[in-house]
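Here is model.txt, consisting of compact mmCIF, C-alpha atoms:
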# COMPACT_ATOMS: atom_id res chain seq x y z
CA MET A 1 -68.28 68.54 -105.94
CA PHE A 2 -65.94 71.38 -106.91
CA LYS A 3 -66.42 74.44 -104.67
CA ILE A 4 -65.06 77.99 -105.13
CA PHE A 5 -64.89 80.76 -102.53
CA ILE A 6 -65.35 84.25 -104.07
CA VAL A 7 -64.62 87.68 -102.58
CA GLU A 8 -66.34 90.39 -104.65
CA ASP A 9 -68.13 93.51 -103.43
CA ASP A 10 -69.76 94.69 -106.67
CA ARG A 11 -73.28 93.25 -106.99
CA LEU A 12 -73.20 93.26 -110.81
CA GLU A 13 -69.91 91.36 -110.82
CA GLN A 14 -71.35 88.92 -108.25
CA GLU A 15 -74.20 88.20 -110.68
CA LYS A 16 -71.75 87.65 -113.55
CA ILE A 17 -69.69 85.13 -111.61
CA LYS A 18 -72.84 83.41 -110.28
CA GLN A 19 -74.09 82.85 -113.83
CA ILE A 20 -70.74 81.43 -114.95
CA LEU A 21 -70.50 79.08 -111.97
CA LYS A 22 -74.11 77.92 -112.28
CA LYS A 23 -73.61 77.23 -115.99
CA LYS A 24 -70.55 75.12 -115.15
CA ASP A 25 -72.40 73.42 -112.25
CA ILE A 26 -69.84 74.59 -109.68
CA ASP A 27 -70.75 75.12 -106.03
CA PHE A 28 -69.67 78.47 -104.57
CA LYS A 29 -69.90 81.00 -101.78
CA ILE A 30 -69.58 84.76 -102.33
CA VAL A 31 -68.79 87.39 -99.71
CA GLY A 32 -68.41 91.12 -100.29
CA ASN A 33 -65.95 92.44 -97.75
CA TYR A 34 -62.73 91.61 -95.94
CA ASN A 35 -64.31 90.96 -92.54
CA ASP A 36 -66.68 88.35 -93.99
CA ALA A 37 -63.88 86.80 -96.04
CA GLU A 38 -61.60 86.64 -93.02
CA LYS A 39 -64.39 85.19 -90.86
CA GLU A 40 -65.09 82.49 -93.45
CA MET A 41 -61.41 81.77 -93.89
CA SER A 42 -60.78 81.66 -90.15
CA ALA A 43 -63.60 79.21 -89.50
CA ASP A 44 -63.10 77.05 -92.53
CA PHE A 45 -59.38 77.27 -93.15
CA PHE A 46 -57.67 78.09 -89.87
CA GLY A 47 -60.12 77.77 -86.99
CA GLU A 48 -62.33 75.12 -85.51
CA ASN A 49 -62.83 73.54 -88.92
CA PHE A 50 -59.10 73.47 -89.63
CA GLY A 51 -58.44 71.38 -92.66
CA ASN A 52 -60.94 73.24 -94.83
CA ASN A 53 -64.06 71.25 -93.92
CA ASN A 54 -66.10 73.17 -96.47
CA GLN A 55 -63.65 71.74 -98.96
CA TYR A 56 -63.12 74.84 -101.03
CA ASN A 57 -61.02 73.81 -103.97
CA CYS A 58 -59.93 77.36 -104.74
CA VAL A 59 -60.49 81.07 -104.17
CA ILE A 60 -61.06 83.99 -106.53
CA THR A 61 -60.76 87.42 -104.96
CA ASP A 62 -61.30 90.95 -106.16
CA LEU A 63 -58.38 93.33 -105.64
CA ASN A 64 -60.26 96.25 -104.07
CA PHE A 65 -63.08 95.65 -101.63
CA PRO A 66 -64.17 97.19 -98.31
CA ARG A 67 -63.12 96.00 -94.89
CA PHE A 68 -66.78 95.91 -93.87
CA GLU A 69 -70.09 96.66 -95.60
CA GLY A 70 -70.26 100.36 -96.52
CA ALA A 71 -66.57 101.15 -96.01
CA ASN A 72 -64.28 102.45 -98.76
CA PRO A 73 -62.72 99.73 -100.91
CA LEU A 74 -59.00 99.17 -100.39
CA PRO A 75 -56.60 96.66 -102.00
CA PHE A 76 -57.29 93.88 -99.48
CA GLY A 77 -57.14 91.36 -102.35
CA PHE A 78 -53.34 91.22 -102.14
CA CYS A 79 -53.54 90.44 -98.40
CA PHE A 80 -56.22 87.82 -98.87
CA TYR A 81 -54.35 86.23 -101.78
CA GLY A 82 -51.22 85.92 -99.62
CA ARG A 83 -53.12 84.33 -96.73
CA VAL A 84 -54.88 81.80 -98.93
CA LYS A 85 -51.66 80.84 -100.73
CA GLU A 86 -50.04 80.18 -97.31
CA ILE A 87 -52.44 77.29 -96.81
CA ALA A 88 -51.82 75.92 -100.30
CA ILE A 89 -55.26 76.54 -101.78
CA PRO A 90 -55.15 77.87 -105.36
CA CYS A 91 -56.12 81.54 -105.50
CA LEU A 92 -56.57 84.06 -108.30
CA ILE A 93 -57.21 87.80 -108.25
CA CYS A 94 -59.88 89.09 -110.66
CA THR A 95 -60.13 92.89 -110.80
CA ASN A 96 -61.19 95.92 -112.81
CA GLN A 97 -58.16 97.78 -111.44
CA ASN A 98 -56.76 99.79 -114.31
CA ARG A 99 -53.00 99.32 -114.31
CA HIS A 100 -52.51 102.67 -116.06
CA ASP A 101 -54.79 104.84 -113.90
CA ASP A 102 -53.12 103.66 -110.69
CA ASN A 103 -49.64 104.64 -111.97
CA GLY A 104 -48.60 101.00 -112.09
CA TRP A 105 -49.11 100.42 -108.34
CA SER A 106 -51.04 97.16 -108.78
CA ASP A 107 -48.49 95.87 -111.30
CA MET A 108 -45.68 96.70 -108.88
CA MET A 109 -47.41 94.97 -105.95
CA ALA A 110 -48.13 91.91 -108.07
CA SER A 111 -44.49 91.77 -109.14
CA VAL A 112 -43.18 92.13 -105.57
CA MET A 113 -45.50 89.32 -104.43
CA GLY A 114 -44.56 87.08 -107.36
CA ILE A 115 -48.07 87.28 -108.80
CA LYS A 116 -48.08 86.71 -112.55
CA ILE A 117 -50.38 88.75 -114.79
CA ASN A 118 -52.90 86.58 -116.71
CA LYS A 119 -51.87 83.59 -114.60
CA ASP A 120 -52.55 84.71 -111.01
CA ILE A 121 -54.18 88.10 -111.60
CA PHE A 122 -56.69 89.09 -114.27
CA PHE A 123 -57.10 92.85 -114.72
CA ASN A 124 -60.31 92.90 -116.77
CA LYS A 125 -62.68 90.85 -114.58
CA GLU A 126 -62.14 87.85 -116.80
CA TRP A 127 -64.23 85.61 -114.54
CA GLU A 128 -64.70 82.77 -116.98
CA LYS A 129 -61.03 82.67 -117.89
CA ALA A 130 -60.12 82.58 -114.18
CA VAL A 131 -62.64 79.82 -113.41
CA ASP A 132 -61.49 77.75 -116.38
CA MET A 133 -57.87 78.07 -115.25
CA LEU A 134 -58.79 76.79 -111.78
CA ILE A 135 -60.96 73.87 -112.85
CA ASN A 136 -58.65 72.55 -115.58

Please express what this file holds, its structure, as structure tokens.
Amino acid sequence: MFKIFIVEDDRLEQEKIKQILKKKDIDFKIVGNYNDAEKEMSADFFGENFGNNNQYNCVITDLNFPRFEGANPLPFGFCFYGRVKEIAIPCLICTNQNRHDDNGWSDMMASVMGIKINKDIFFNKEWEKAVDMLIN
């Protein structure tokens, strides 16, 4: 079965992605902060279960989320994207980050990291588009 790992801190966005994945009959796990994402990744991707025993086929991460529950959101999505890509698991960033309000910072970071807009990063929380890109 196809399985997606999701990092998203906003509860409403979590519900949106859950509905899309359930409709498409895709197994998934959602976490809401960097510590939980790192813990899951360490155990399932790098640690005792090295080799990705949970068999995640891909990852979709938000751009801004907190380090731990209740902390201020920061752009950990770029870090997480880089780590996941190192182990050759497909990863996309799905964010509400407004490229104009942040003075182009997220565009610049994406460019420096070689992340392509509408291919690797979706700026309007286009969950279904991101999922379809990963499963096709």

Taking 2 positions as the minimum chain separation for residues in the same chain, which residues sit within 8 Å of region 107-123 of chain A when counting only C-alpha atoms? Answer as a PDB file with C-alpha atoms, in the coordinates of the input.
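Output file selection08.pdb is given in full below:
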ATOM      1  CA  PHE A  78     -53.340  91.220-102.140  1.00  0.00           C
ATOM      2  CA  CYS A  91     -56.120  81.540-105.500  1.00  0.00           C
ATOM      3  CA  LEU A  92     -56.570  84.060-108.300  1.00  0.00           C
ATOM      4  CA  ILE A  93     -57.210  87.800-108.250  1.00  0.00           C
ATOM      5  CA  CYS A  94     -59.880  89.090-110.660  1.00  0.00           C
ATOM      6  CA  THR A  95     -60.130  92.890-110.800  1.00  0.00           C
ATOM      7  CA  ASN A  96     -61.190  95.920-112.810  1.00  0.00           C
ATOM      8  CA  GLN A  97     -58.160  97.780-111.440  1.00  0.00           C
ATOM      9  CA  ASN A  98     -56.760  99.790-114.310  1.00  0.00           C
ATOM     10  CA  ARG A  99     -53.000  99.320-114.310  1.00  0.00           C
ATOM     11  CA  GLY A 104     -48.600 101.000-112.090  1.00  0.00           C
ATOM     12  CA  TRP A 105     -49.110 100.420-108.340  1.00  0.00           C
ATOM     13  CA  LYS A 125     -62.680  90.850-114.580  1.00  0.00           C
ATOM     14  CA  GLU A 126     -62.140  87.850-116.800  1.00  0.00           C
ATOM     15  CA  ALA A 130     -60.120  82.580-114.180  1.00  0.00           C
TER      16      ALA A 130
END

*Shortest interatomic distance to Lys24 (chain A) - which of A:Ala71, A:Ala88, A:Val59, A:Met1, counting all atoms listed in the file*: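 For Lys24 (chain A), the nearest of the given residues is A:Met1.
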
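If you measure from each of A:Leu12, A:Cys58, A:Met41, A:Ile89 to Ile26 (chain A) using all atoms listed in the file, the closest one turns out to be A:Cys58.
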
_Among listed residues A:Trp127, A:Ser42, A:Lys23, A:Gln55, nearest Phe5 (chain A) (using all atoms listed in the file)_ =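 Among the listed residues, the smallest separation from Phe5 (chain A) belongs to A:Gln55.
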
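With distances restricted to only C-alpha atoms, A:Ile4 is the closest residue to Ile20 (chain A) from A:Asn64, A:Asp36, A:Ile4, A:Leu74.
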
*Which of these, A:Glu8, A:Asn57, A:Lys129, A:Lys18, has the shortest distance to Val31 (chain A) once you count all atoms listed in the file?*
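Smallest separation from Val31 (chain A) among the options: A:Glu8.
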
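Closest approach to Ile6 (chain A) from the set A:Met133, A:Ile60, A:Ala37, A:Leu21 is made by A:Ile60, with distances taken over all atoms listed in the file.
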
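What separates CA of Ser106 (chain A) from CA of Val131 (chain A) is a distance of 21.4 Å.
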
*asked:* If we draw a sphere of 8 Å around (-73.1, 87.2, -107.6), which residues have at least one atom in it when counting all atoms listed in the file? Please report them as a ChimeraX atom specification.
replied: /A:11-19,30

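From CA of Phe28 (chain A) back to CA of Tyr56 (chain A), the distance works out to 8.3 Å.
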
*What is the distance, in Å and to one decimal place, between CA of Asp9 (chain A) and CA of Phe65 (chain A)?*
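According to the coordinates, CA of Asp9 (chain A) and CA of Phe65 (chain A) are separated by 5.8 Å.
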